[in-house]
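This report concerns only the one structure given below.
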Amino acid sequence: MRRSETVDELHGVRVADPYRWLEDADSEETAAFVAAQNAFAEPVLAALPARDAFRARVTALLGAPTRGCPFERGGRVFAWRNDGQNQDVLTVADFVDALEDARVVLDANLLSADGTVSVTTASLSPDGHLLAYGVADGGSDWRILKVRDVVTGLDLADEIPWTKWNQPVWLPDGRSFTYWRYDAPDGNGLTDEMGAGRLMVHVVGDDPETDAVLFSRPDEPRLFARHWPRDDDWFVLQTDTGASSGNDLHVRRHDEPVTALRQLVAGHDVERNAIGVRDGLLLFVTDEGAPRYRLDAFDLVSGERSTVIAEHETDVLLGASLTEHGLVLEYSHDASHRVQLAANDGTLGDAVPIGDGVSLTGLSARATSSTVFVTTSSFVDRGTRHVVETHGPTLVSHRTLLTPGPPAPDATTTRIRATSTDGAEVPAFVVRPADDDGSAPRPTLIWAYGGFNIPMNPGFRAVLAAWVDAGGVLVVPNLRGGGEFGSDWHKQGTKARKQQVFDDLYAIAEHLVATGVTTPEQLALHGRSNGGLLAGAALTQRPELWAAVLPGVGVLDMLRFHRFTIGWAWTSDYGDPDDAAEFPALAAYSPLHAIREGVAYPPTLVTTGDHDDRVVPAHSFKFAAELQRAQATSGSDAPILLSIDTRAGHGMGKPKDAAALEFADQLAFAAHHAGLAVDAVA
């Protein structure tokens with residue numbers, strides 16, 4: 001494979017980039033590389049003994065019925081559902097118990113023959129008459145916004161291209177909504193860095209080219225603006241500069257001109273997530289001086305600020321919502337979720353009995369309704385829907401709705417804790433098959449992330465459930481960088497402290513070996529996106545610790561990630577390679593640059609999508625090419641495979657049949673190299 005002489009000098013350091021040519025996603029040479037890698041990988045994957053069995057099991061799990069969190073608009077109840085199709089279907093009924101026989105509003109499966117066109121955002125008008133939704137092709141983050149009449153089921157003429165990120169937010173008139181738009185790319189929309197975006201308002205029926213600009217800062221192209229939440233009197237705007245940075249807040253009355261927008265609080269160093277306006281008070285969840293978050297309020301007339309609900313002693317306040325007579329609060333307790341009611345003045349009330357060891361997958365509450373809809377899942381529960389009736393802080397009633405489909409794999413979940421390099425205790429979930437008494441080490445899969453304030457909670461995932469169903473042990477750590485234990489836990493794994501995330505992972509892995517859960521010859525590691533970075537760093541730093549490693553759509557070139565599409569927004573977590581002070585930490589762990597000739601790396605399966613315009617596929621291309629070259633110098637025959645889906649992006653909206661094949665390849669690869677017996681797969 002061709003290696004160029006490309007060398008950059010970064011802050012006085014010469015950095016070779018011999019596979020720079022793979023960054024050109026449209027070149028014939030890159031297309032030939034993709035074809036050759038798939039041609040090399042496919043026979044190896046096809047020969048894996050458990051591939052067909054895993055594909056059948058994952059297909060069955062993905063095909064089982066799922067039901068999304070119900071939500072009310074205009075006196076009717078809407079919900080997304082799936083009965084085994086590639087894409088979800090939006091339905092509407094007159095009341096929640098009629099959802100099983102609900103009318104279809106939007107069937108995303110009808111948007112393309114192969115299921116690769118998906119609905120990636122959708123928002124209903126306050127009266128429930130109009131649906132603004134975004135359509136993406138091949139897993140792209142780019143989407144086209146459309147508008148559908150809910151009554152007729154027909155699309156209107158409105159069509160807005162080159163939108164990303166923000167969900168459409170309807171204004172009180174029910175005929176207009178805000179959205180975030182960019183100029184059409186001059187070059188390659190898959191890889192090129194985007195310019196400044198702008199917050200627009202669209203009036204249904206108008207030409208989108210005449211839409212008004214509500215907020216734009218061309219002098220600060222790395223600034224996002226979001227209009228949220230919807231309120232009848234007040235327009236609330238927040239801006240931020242990165243994927244996990246804080247935000248400021250601005251307000252004006254809807255009947256005031258755009259120029260009347262005034263800033264309530266400045267700076268992007270802390271989070272201030274607005275949840276609504278009640279009695280002239282703007283309520284928001286913040287970590288300002290409260291790493292486990294609290295609920296504060298701004299008086300929109302006087303400007304006075306107050307605390308409504310103080311920071312909890314141990315649990316993290318994830319979010320809050322207004323109900324007709326009070327509040328509903330979402331907390332994280334040791335990386336599982338709980339729900340609690342409260343009065344408007346912050347007096348805590350009843351707990352909602354959603355169960356132990358579960359994750360919230362949805363919560364829908366309205367300031368004009370006493371009904372709250374909640375959905376939960378766990379490692380062994382595909383999903384439960386809860387209907388909660390409230391009166392302020394009082395729980396009036398609670399019931400669950402039946403979700404059809406087979407039960408999840410029979411398993412038990414426990415918690416372990418390992419001591420990391422700085423003395424901190426790092427916890428993890430351990431999920432064992434029901435027949436595992438722990439008397440002997442078993443093939444074990446670690447699924448981890450560790451970044452962007454995103455928690456790893458006990459949610460249901462088909463790829464993980466299939467591993468446990470096959471007899472393997474699943475471990476999900478709560479690493480620094482994640483959001484399980486508040487903003488301090490997150491910040492301890494960012495920028496110059498990113499290595500701590502990797503050290504936390506090694507502490508968990510070593511604990512599993514020391515306590516007899518598994519052995520290095522039975523231990524596989526899997527992660528996606530930022531978790532793909534984690535897997536790549538672990539592969540290059542501790543190759544002896546793993547039987548197999550599976551980096552998926554990973555951020556693997558830490559010296560150039562900020563030069564493609566939305567990569568610059570990740571500097572809030574990673575740091576900026578162009579900053580001389582932040583460059584050394586990035587260069588020290590960048591997986592692409594940590595590969596060394598003569599080192600025997602464990603069996604590795606790198607996966608990506610050639611349409612991924614979030615973490616561009618060049619990360620995986622260059623990493624796999626360099627790793628294959630280094631492996632050839634080590635004398636090891638452990639396979640280094642690169643599998644590229646040529647009709648997929650970062651993962652959102654991926655058809656179930658394509659997802660089943662990818663998951664089957666990953667599980668069969670991990671099983672083969674970690675020693676999970678083929679006949680253990682049902």
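Residues are named by chain letter and number: chains run A, B, ... in the order of the structure tokens, numbers start at 1 in each chain, and ligands are numbered from 1 in the order shown.
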
Legend entry - Residue neighbourhood segment 548-560 of chain A, 6 Å, only C-alpha atoms, exclusion window fewer than 2 positions, as a ChimeraX atom specification: /A:524-529,532-533,535,546,562-563,577,586,590-592,602-608,619,670

Grab the residues selected above and save them as a PDB file, in the first residue's frame with N, CA and C atoms.
ATOM      1  N   ALA A 524     -12.172  -9.361  25.643  1.00  0.00           N
ATOM      2  CA  ALA A 524     -12.337  -8.542  24.441  1.00  0.00           C
ATOM      3  C   ALA A 524     -12.819  -7.152  24.828  1.00  0.00           C
ATOM      4  N   LEU A 525     -12.472  -6.172  24.002  1.00  0.00           N
ATOM      5  CA  LEU A 525     -12.820  -4.773  24.256  1.00  0.00           C
ATOM      6  C   LEU A 525     -13.512  -4.193  23.043  1.00  0.00           C
ATOM      7  N   HIS A 526     -14.647  -3.516  23.295  1.00  0.00           N
ATOM      8  CA  HIS A 526     -15.423  -2.921  22.200  1.00  0.00           C
ATOM      9  C   HIS A 526     -15.833  -1.513  22.600  1.00  0.00           C
ATOM     10  N   GLY A 527     -15.725  -0.574  21.667  1.00  0.00           N
ATOM     11  CA  GLY A 527     -16.187   0.788  21.892  1.00  0.00           C
ATOM     12  C   GLY A 527     -16.439   1.476  20.569  1.00  0.00           C
ATOM     13  N   ARG A 528     -17.378   2.432  20.577  1.00  0.00           N
ATOM     14  CA  ARG A 528     -17.738   3.161  19.363  1.00  0.00           C
ATOM     15  C   ARG A 528     -17.520   4.655  19.554  1.00  0.00           C
ATOM     16  N   SER A 529     -17.099   5.325  18.474  1.00  0.00           N
ATOM     17  CA  SER A 529     -16.929   6.775  18.448  1.00  0.00           C
ATOM     18  C   SER A 529     -15.849   7.177  19.455  1.00  0.00           C
ATOM     19  N   GLY A 532     -14.462   4.228  20.500  1.00  0.00           N
ATOM     20  CA  GLY A 532     -13.496   3.714  19.537  1.00  0.00           C
ATOM     21  C   GLY A 532     -12.110   4.271  19.790  1.00  0.00           C
ATOM     22  N   LEU A 533     -12.042   5.543  20.192  1.00  0.00           N
ATOM     23  CA  LEU A 533     -10.766   6.124  20.631  1.00  0.00           C
ATOM     24  C   LEU A 533     -10.239   5.355  21.836  1.00  0.00           C
ATOM     25  N   ALA A 535     -10.820   2.274  22.682  1.00  0.00           N
ATOM     26  CA  ALA A 535     -10.345   0.961  22.246  1.00  0.00           C
ATOM     27  C   ALA A 535      -9.009   1.072  21.521  1.00  0.00           C
ATOM     28  N   TRP A 546      -5.447  -7.832  25.964  1.00  0.00           N
ATOM     29  CA  TRP A 546      -6.678  -8.119  25.240  1.00  0.00           C
ATOM     30  C   TRP A 546      -6.552  -9.340  24.336  1.00  0.00           C
ATOM     31  N   HIS A 562      -9.817  17.724  14.476  1.00  0.00           N
ATOM     32  CA  HIS A 562     -10.524  19.008  14.497  1.00  0.00           C
ATOM     33  C   HIS A 562     -10.638  19.636  13.113  1.00  0.00           C
ATOM     34  N   ARG A 563     -10.068  19.006  12.103  1.00  0.00           N
ATOM     35  CA  ARG A 563     -10.060  19.576  10.756  1.00  0.00           C
ATOM     36  C   ARG A 563     -11.197  19.055   9.873  1.00  0.00           C
ATOM     37  N   PRO A 577      -5.299  20.464  19.148  1.00  0.00           N
ATOM     38  CA  PRO A 577      -3.948  20.166  18.659  1.00  0.00           C
ATOM     39  C   PRO A 577      -3.187  21.399  18.191  1.00  0.00           C
ATOM     40  N   LEU A 586      -2.229  15.223  23.636  1.00  0.00           N
ATOM     41  CA  LEU A 586      -2.876  14.575  22.499  1.00  0.00           C
ATOM     42  C   LEU A 586      -1.889  13.699  21.747  1.00  0.00           C
ATOM     43  N   SER A 590      -2.465   9.642  21.066  1.00  0.00           N
ATOM     44  CA  SER A 590      -3.146   9.490  19.775  1.00  0.00           C
ATOM     45  C   SER A 590      -2.933   8.080  19.231  1.00  0.00           C
ATOM     46  N   PRO A 591      -3.997   7.264  19.100  1.00  0.00           N
ATOM     47  CA  PRO A 591      -3.805   5.865  18.705  1.00  0.00           C
ATOM     48  C   PRO A 591      -3.053   5.691  17.394  1.00  0.00           C
ATOM     49  N   LEU A 592      -3.345   6.522  16.408  1.00  0.00           N
ATOM     50  CA  LEU A 592      -2.662   6.408  15.120  1.00  0.00           C
ATOM     51  C   LEU A 592      -1.158   6.581  15.288  1.00  0.00           C
ATOM     52  N   PRO A 602      -3.000  -7.462  19.375  1.00  0.00           N
ATOM     53  CA  PRO A 602      -4.007  -8.523  19.435  1.00  0.00           C
ATOM     54  C   PRO A 602      -4.906  -8.497  18.208  1.00  0.00           C
ATOM     55  N   PRO A 603      -5.652  -9.561  17.952  1.00  0.00           N
ATOM     56  CA  PRO A 603      -6.614  -9.559  16.846  1.00  0.00           C
ATOM     57  C   PRO A 603      -7.519  -8.335  16.947  1.00  0.00           C
ATOM     58  N   THR A 604      -7.675  -7.642  15.824  1.00  0.00           N
ATOM     59  CA  THR A 604      -8.386  -6.362  15.822  1.00  0.00           C
ATOM     60  C   THR A 604      -9.339  -6.297  14.635  1.00  0.00           C
ATOM     61  N   LEU A 605     -10.559  -5.861  14.912  1.00  0.00           N
ATOM     62  CA  LEU A 605     -11.547  -5.614  13.863  1.00  0.00           C
ATOM     63  C   LEU A 605     -11.963  -4.156  13.953  1.00  0.00           C
ATOM     64  N   VAL A 606     -11.534  -3.353  12.978  1.00  0.00           N
ATOM     65  CA  VAL A 606     -11.885  -1.937  12.896  1.00  0.00           C
ATOM     66  C   VAL A 606     -13.091  -1.814  11.977  1.00  0.00           C
ATOM     67  N   THR A 607     -14.124  -1.103  12.423  1.00  0.00           N
ATOM     68  CA  THR A 607     -15.319  -0.926  11.596  1.00  0.00           C
ATOM     69  C   THR A 607     -15.632   0.556  11.446  1.00  0.00           C
ATOM     70  N   THR A 608     -16.160   0.916  10.267  1.00  0.00           N
ATOM     71  CA  THR A 608     -16.567   2.292  10.006  1.00  0.00           C
ATOM     72  C   THR A 608     -17.562   2.290   8.859  1.00  0.00           C
ATOM     73  N   HIS A 619     -10.170   8.382   9.811  1.00  0.00           N
ATOM     74  CA  HIS A 619      -9.608   7.953  11.098  1.00  0.00           C
ATOM     75  C   HIS A 619      -9.346   6.447  11.082  1.00  0.00           C
ATOM     76  N   ALA A 670     -14.977 -11.442  18.315  1.00  0.00           N
ATOM     77  CA  ALA A 670     -14.611 -11.454  19.727  1.00  0.00           C
ATOM     78  C   ALA A 670     -14.723 -12.857  20.305  1.00  0.00           C
TER      79      ALA A 670
END

Inset, instruction - Excluding His312 of chain A and residues on its chain fewer than 2 positions from it, collect all residues at most 12 Å away from it, counting only C-alpha atoms, and give them as a ChimeraX atom specification. - result: /A:287,290-295,309-310,314-318,329-333,348,485-486

Can you tell me, as a compact mmCIF listing (two decimals) with N, CA, C and O atoms, in the first residue's frame, what residues are no more than 7 Å from segment 453-463 of chain A when counting only C-alpha atoms, ignoring any on the same chain fewer than 2 positions away?
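For reference, around00.txt as written:
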# COMPACT_ATOMS: atom_id res chain seq x y z
N VAL A 58 -28.93 -11.77 16.87
CA VAL A 58 -29.03 -10.31 16.85
C VAL A 58 -30.23 -9.88 16.02
O VAL A 58 -30.96 -8.94 16.39
N LEU A 61 -33.25 -10.23 18.15
CA LEU A 61 -33.32 -9.19 19.17
C LEU A 61 -33.70 -7.84 18.57
O LEU A 61 -34.52 -7.10 19.11
N LEU A 62 -33.07 -7.51 17.43
CA LEU A 62 -33.39 -6.24 16.78
C LEU A 62 -34.80 -6.23 16.21
O LEU A 62 -35.43 -5.19 16.11
N SER A 244 -19.25 19.28 24.68
CA SER A 244 -19.52 19.11 26.11
C SER A 244 -19.18 20.37 26.89
O SER A 244 -18.87 20.32 28.07
N ALA A 335 -25.01 5.40 38.85
CA ALA A 335 -25.09 5.13 37.40
C ALA A 335 -26.40 4.47 36.98
O ALA A 335 -26.54 4.08 35.82
N SER A 336 -27.37 4.33 37.89
CA SER A 336 -28.73 3.96 37.52
C SER A 336 -29.63 5.15 37.78
O SER A 336 -29.25 6.10 38.46
N GLY A 357 -31.90 -0.38 39.20
CA GLY A 357 -30.95 -0.80 38.18
C GLY A 357 -31.42 -0.58 36.76
O GLY A 357 -31.16 -1.39 35.88
N VAL A 358 -32.12 0.55 36.54
CA VAL A 358 -32.66 0.84 35.21
C VAL A 358 -32.14 2.18 34.71
O VAL A 358 -31.62 2.99 35.47
N SER A 359 -32.30 2.39 33.41
CA SER A 359 -31.98 3.66 32.78
C SER A 359 -33.25 4.29 32.24
O SER A 359 -34.13 3.59 31.73
N SER A 377 -35.21 1.04 30.57
CA SER A 377 -34.67 -0.25 30.13
C SER A 377 -33.53 -0.63 31.06
O SER A 377 -33.08 0.18 31.88
N SER A 378 -33.06 -1.86 30.92
CA SER A 378 -31.89 -2.32 31.68
C SER A 378 -31.15 -3.32 30.81
O SER A 378 -31.54 -3.59 29.67
N PHE A 379 -30.10 -3.91 31.34
CA PHE A 379 -29.36 -4.90 30.57
C PHE A 379 -30.24 -6.10 30.23
O PHE A 379 -30.00 -6.80 29.24
N VAL A 380 -31.27 -6.34 31.05
CA VAL A 380 -32.12 -7.52 30.84
C VAL A 380 -33.57 -7.15 30.56
O VAL A 380 -34.44 -8.02 30.54
N ASP A 381 -33.86 -5.89 30.34
CA ASP A 381 -35.22 -5.43 30.02
C ASP A 381 -35.17 -4.60 28.74
O ASP A 381 -34.54 -3.55 28.70
N ARG A 382 -35.85 -5.08 27.70
CA ARG A 382 -35.82 -4.38 26.42
C ARG A 382 -36.53 -3.03 26.50
O ARG A 382 -36.26 -2.15 25.68
N GLY A 451 -16.40 9.61 27.99
CA GLY A 451 -16.20 10.93 27.42
C GLY A 451 -17.47 11.74 27.28
O GLY A 451 -18.59 11.23 27.37
N ALA A 465 -26.71 -7.85 24.57
CA ALA A 465 -27.58 -8.93 25.03
C ALA A 465 -27.25 -10.24 24.33
O ALA A 465 -27.30 -11.32 24.94
N ALA A 466 -26.89 -10.17 23.05
CA ALA A 466 -26.56 -11.38 22.30
C ALA A 466 -25.30 -12.04 22.85
O ALA A 466 -25.18 -13.27 22.87
N TRP A 467 -24.35 -11.22 23.30
CA TRP A 467 -23.12 -11.77 23.90
C TRP A 467 -23.43 -12.53 25.18
O TRP A 467 -22.95 -13.65 25.40
N ASN A 478 -17.87 2.54 34.35
CA ASN A 478 -18.22 3.96 34.45
C ASN A 478 -16.93 4.75 34.60
O ASN A 478 -16.52 5.11 35.71
N GLY A 481 -14.59 10.94 32.58
CA GLY A 481 -14.99 11.50 31.29
C GLY A 481 -16.46 11.33 31.03
O GLY A 481 -17.05 12.08 30.26
N GLY A 482 -17.08 10.34 31.69
CA GLY A 482 -18.51 10.10 31.54
C GLY A 482 -19.33 10.98 32.47
O GLY A 482 -18.81 11.74 33.28
N GLY A 483 -20.66 10.85 32.35
CA GLY A 483 -21.55 11.72 33.11
C GLY A 483 -22.26 11.04 34.26
O GLY A 483 -23.25 11.57 34.76
N GLU A 484 -21.77 9.89 34.70
CA GLU A 484 -22.48 9.13 35.73
C GLU A 484 -22.48 9.80 37.10
O GLU A 484 -23.41 9.62 37.89
N HIS A 490 -16.69 14.00 35.00
CA HIS A 490 -16.46 14.23 33.57
C HIS A 490 -15.14 14.95 33.33
O HIS A 490 -14.30 14.50 32.55
N PHE A 663 -22.99 -6.25 13.86
CA PHE A 663 -22.91 -6.79 15.22
C PHE A 663 -22.46 -8.24 15.20
O PHE A 663 -21.67 -8.67 16.05

Inset, instruction - Quote the spacing between atom CA of Thr91 of chain A and atom CA of Asp107 of chain A in Å to one decimal place. - result: 8.7 Å

Segment 350-446 of chain A near segment 503-512 of chain A within 7 Å: what's each residue's closest atom pair and its distance in Å to one decimal, counting only C-alpha atoms, ordered by chain then ascending residue number, as a Markdown table?
| residue | atom | partner | partner_atom | distance |
| --- | --- | --- | --- | --- |
| A:Ala418 | CA | A:Ile508 | CA | 5.6 |
| A:Thr419 | CA | A:Ala507 | CA | 6.3 |
| A:Ser420 | CA | A:Asp504 | CA | 5.3 |
| A:Thr421 | CA | A:Asp503 | CA | 6.5 |
| A:Val426 | CA | A:Asp504 | CA | 6.5 |

Would you mind exporting all heavy atoms of the selected residues as a PDB file, in the first residue's frame?
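Once everything was written out, this is again-v7.pdb:
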ATOM      1  N   ALA A 418     -12.974  -0.917  41.117  1.00  0.00           N
ATOM      2  CA  ALA A 418     -11.528  -1.103  41.036  1.00  0.00           C
ATOM      3  C   ALA A 418     -10.845   0.215  41.373  1.00  0.00           C
ATOM      4  O   ALA A 418     -11.394   1.295  41.145  1.00  0.00           O
ATOM      5  CB  ALA A 418     -11.126  -1.562  39.636  1.00  0.00           C
ATOM      6  N   THR A 419      -9.633   0.131  41.912  1.00  0.00           N
ATOM      7  CA  THR A 419      -8.873   1.323  42.266  1.00  0.00           C
ATOM      8  C   THR A 419      -7.987   1.728  41.097  1.00  0.00           C
ATOM      9  O   THR A 419      -7.147   0.951  40.633  1.00  0.00           O
ATOM     10  CB  THR A 419      -8.006   1.068  43.509  1.00  0.00           C
ATOM     11  OG1 THR A 419      -8.852   0.662  44.584  1.00  0.00           O
ATOM     12  CG2 THR A 419      -7.255   2.326  43.907  1.00  0.00           C
ATOM     13  N   SER A 420      -8.173   2.958  40.623  1.00  0.00           N
ATOM     14  CA  SER A 420      -7.402   3.452  39.478  1.00  0.00           C
ATOM     15  C   SER A 420      -6.065   4.025  39.936  1.00  0.00           C
ATOM     16  O   SER A 420      -5.730   4.025  41.129  1.00  0.00           O
ATOM     17  CB  SER A 420      -8.213   4.502  38.721  1.00  0.00           C
ATOM     18  OG  SER A 420      -7.618   4.784  37.472  1.00  0.00           O
ATOM     19  N   THR A 421      -5.300   4.522  38.989  1.00  0.00           N
ATOM     20  CA  THR A 421      -3.929   4.959  39.255  1.00  0.00           C
ATOM     21  C   THR A 421      -3.846   6.130  40.222  1.00  0.00           C
ATOM     22  O   THR A 421      -2.817   6.319  40.878  1.00  0.00           O
ATOM     23  CB  THR A 421      -3.244   5.349  37.939  1.00  0.00           C
ATOM     24  OG1 THR A 421      -4.094   6.261  37.227  1.00  0.00           O
ATOM     25  CG2 THR A 421      -2.983   4.131  37.091  1.00  0.00           C
ATOM     26  N   VAL A 426     -13.283   3.193  40.666  1.00  0.00           N
ATOM     27  CA  VAL A 426     -13.999   3.214  39.390  1.00  0.00           C
ATOM     28  C   VAL A 426     -14.954   2.024  39.365  1.00  0.00           C
ATOM     29  O   VAL A 426     -14.512   0.869  39.447  1.00  0.00           O
ATOM     30  CB  VAL A 426     -13.023   3.143  38.204  1.00  0.00           C
ATOM     31  CG1 VAL A 426     -13.787   3.155  36.887  1.00  0.00           C
ATOM     32  CG2 VAL A 426     -12.030   4.298  38.268  1.00  0.00           C
TER      33      VAL A 426
END

Please give the complete set of residues from segment 413-537 of chain A that DSSP, run on the backbone, assigns to alpha helix (DSSP H), formatted as a compact mmCIF listing (two decimals) with N, CA and C atoms, in the first residue's frame.
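states-v2.txt written:
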# COMPACT_ATOMS: atom_id res chain seq x y z
N ALA A 462 -28.91 -4.69 21.72
CA ALA A 462 -28.98 -6.04 21.14
C ALA A 462 -27.61 -6.69 21.05
N VAL A 463 -26.59 -5.92 20.68
CA VAL A 463 -25.26 -6.49 20.51
C VAL A 463 -24.72 -7.01 21.84
N LEU A 464 -25.04 -6.34 22.94
CA LEU A 464 -24.56 -6.77 24.25
C LEU A 464 -25.40 -7.92 24.79
N ALA A 465 -26.71 -7.85 24.57
CA ALA A 465 -27.58 -8.93 25.03
C ALA A 465 -27.25 -10.24 24.33
N ALA A 466 -26.89 -10.17 23.05
CA ALA A 466 -26.56 -11.38 22.30
C ALA A 466 -25.30 -12.04 22.85
N TRP A 467 -24.35 -11.22 23.30
CA TRP A 467 -23.12 -11.77 23.90
C TRP A 467 -23.43 -12.53 25.18
N VAL A 468 -24.24 -11.94 26.05
CA VAL A 468 -24.61 -12.60 27.31
C VAL A 468 -25.44 -13.85 27.02
N ASP A 469 -26.34 -13.75 26.06
CA ASP A 469 -27.19 -14.89 25.70
C ASP A 469 -26.35 -16.06 25.19
N SER A 487 -20.29 16.65 36.98
CA SER A 487 -19.36 17.34 36.08
C SER A 487 -17.90 17.18 36.50
N ASP A 488 -17.62 17.02 37.79
CA ASP A 488 -16.23 16.79 38.20
C ASP A 488 -15.72 15.47 37.65
N TRP A 489 -16.54 14.42 37.72
CA TRP A 489 -16.17 13.10 37.18
C TRP A 489 -15.88 13.22 35.68
N HIS A 490 -16.69 14.00 35.00
CA HIS A 490 -16.46 14.23 33.57
C HIS A 490 -15.14 14.95 33.33
N LYS A 491 -14.93 16.05 34.03
CA LYS A 491 -13.75 16.88 33.77
C LYS A 491 -12.45 16.18 34.14
N GLN A 499 -5.73 10.72 29.70
CA GLN A 499 -5.07 9.43 30.00
C GLN A 499 -5.72 8.74 31.19
N GLN A 500 -6.32 9.53 32.08
CA GLN A 500 -6.96 8.92 33.25
C GLN A 500 -8.10 7.98 32.83
N VAL A 501 -8.78 8.31 31.75
CA VAL A 501 -9.85 7.44 31.25
C VAL A 501 -9.30 6.07 30.90
N PHE A 502 -8.18 6.06 30.19
CA PHE A 502 -7.57 4.80 29.80
C PHE A 502 -7.07 4.03 31.03
N ASP A 503 -6.49 4.75 31.98
CA ASP A 503 -6.01 4.10 33.20
C ASP A 503 -7.17 3.49 33.98
N ASP A 504 -8.31 4.17 33.99
CA ASP A 504 -9.50 3.62 34.65
C ASP A 504 -9.90 2.29 34.01
N LEU A 505 -9.85 2.25 32.68
CA LEU A 505 -10.20 1.02 31.96
C LEU A 505 -9.25 -0.11 32.34
N TYR A 506 -7.95 0.18 32.37
CA TYR A 506 -6.98 -0.86 32.71
C TYR A 506 -7.20 -1.37 34.15
N ALA A 507 -7.58 -0.46 35.03
CA ALA A 507 -7.85 -0.87 36.41
C ALA A 507 -9.00 -1.87 36.46
N ILE A 508 -10.05 -1.61 35.69
CA ILE A 508 -11.20 -2.53 35.64
C ILE A 508 -10.76 -3.87 35.04
N ALA A 509 -10.03 -3.81 33.92
CA ALA A 509 -9.59 -5.05 33.26
C ALA A 509 -8.71 -5.89 34.19
N GLU A 510 -7.78 -5.24 34.87
CA GLU A 510 -6.89 -5.96 35.77
C GLU A 510 -7.65 -6.53 36.97
N HIS A 511 -8.66 -5.81 37.42
CA HIS A 511 -9.50 -6.31 38.52
C HIS A 511 -10.26 -7.56 38.08
N LEU A 512 -10.77 -7.56 36.86
CA LEU A 512 -11.49 -8.73 36.35
C LEU A 512 -10.58 -9.96 36.30
N VAL A 513 -9.34 -9.73 35.90
CA VAL A 513 -8.38 -10.84 35.85
C VAL A 513 -8.01 -11.30 37.26
N ALA A 514 -7.73 -10.34 38.14
CA ALA A 514 -7.28 -10.67 39.50
C ALA A 514 -8.35 -11.40 40.30
N ASN A 530 -16.18 7.94 20.50
CA ASN A 530 -15.20 8.19 21.54
C ASN A 530 -14.78 6.89 22.21
N GLY A 531 -15.71 5.93 22.26
CA GLY A 531 -15.34 4.59 22.74
C GLY A 531 -14.40 3.89 21.79
N GLY A 532 -14.46 4.23 20.50
CA GLY A 532 -13.50 3.71 19.54
C GLY A 532 -12.11 4.27 19.79
N LEU A 533 -12.04 5.54 20.19
CA LEU A 533 -10.77 6.12 20.63
C LEU A 533 -10.24 5.35 21.84
N LEU A 534 -11.10 5.09 22.80
CA LEU A 534 -10.71 4.33 23.99
C LEU A 534 -10.14 2.98 23.59
N ALA A 535 -10.82 2.27 22.68
CA ALA A 535 -10.34 0.96 22.25
C ALA A 535 -9.01 1.07 21.52
N GLY A 536 -8.87 2.10 20.67
CA GLY A 536 -7.61 2.28 19.95
C GLY A 536 -6.46 2.60 20.88
N ALA A 537 -6.70 3.45 21.90
CA ALA A 537 -5.65 3.77 22.86
C ALA A 537 -5.28 2.54 23.69
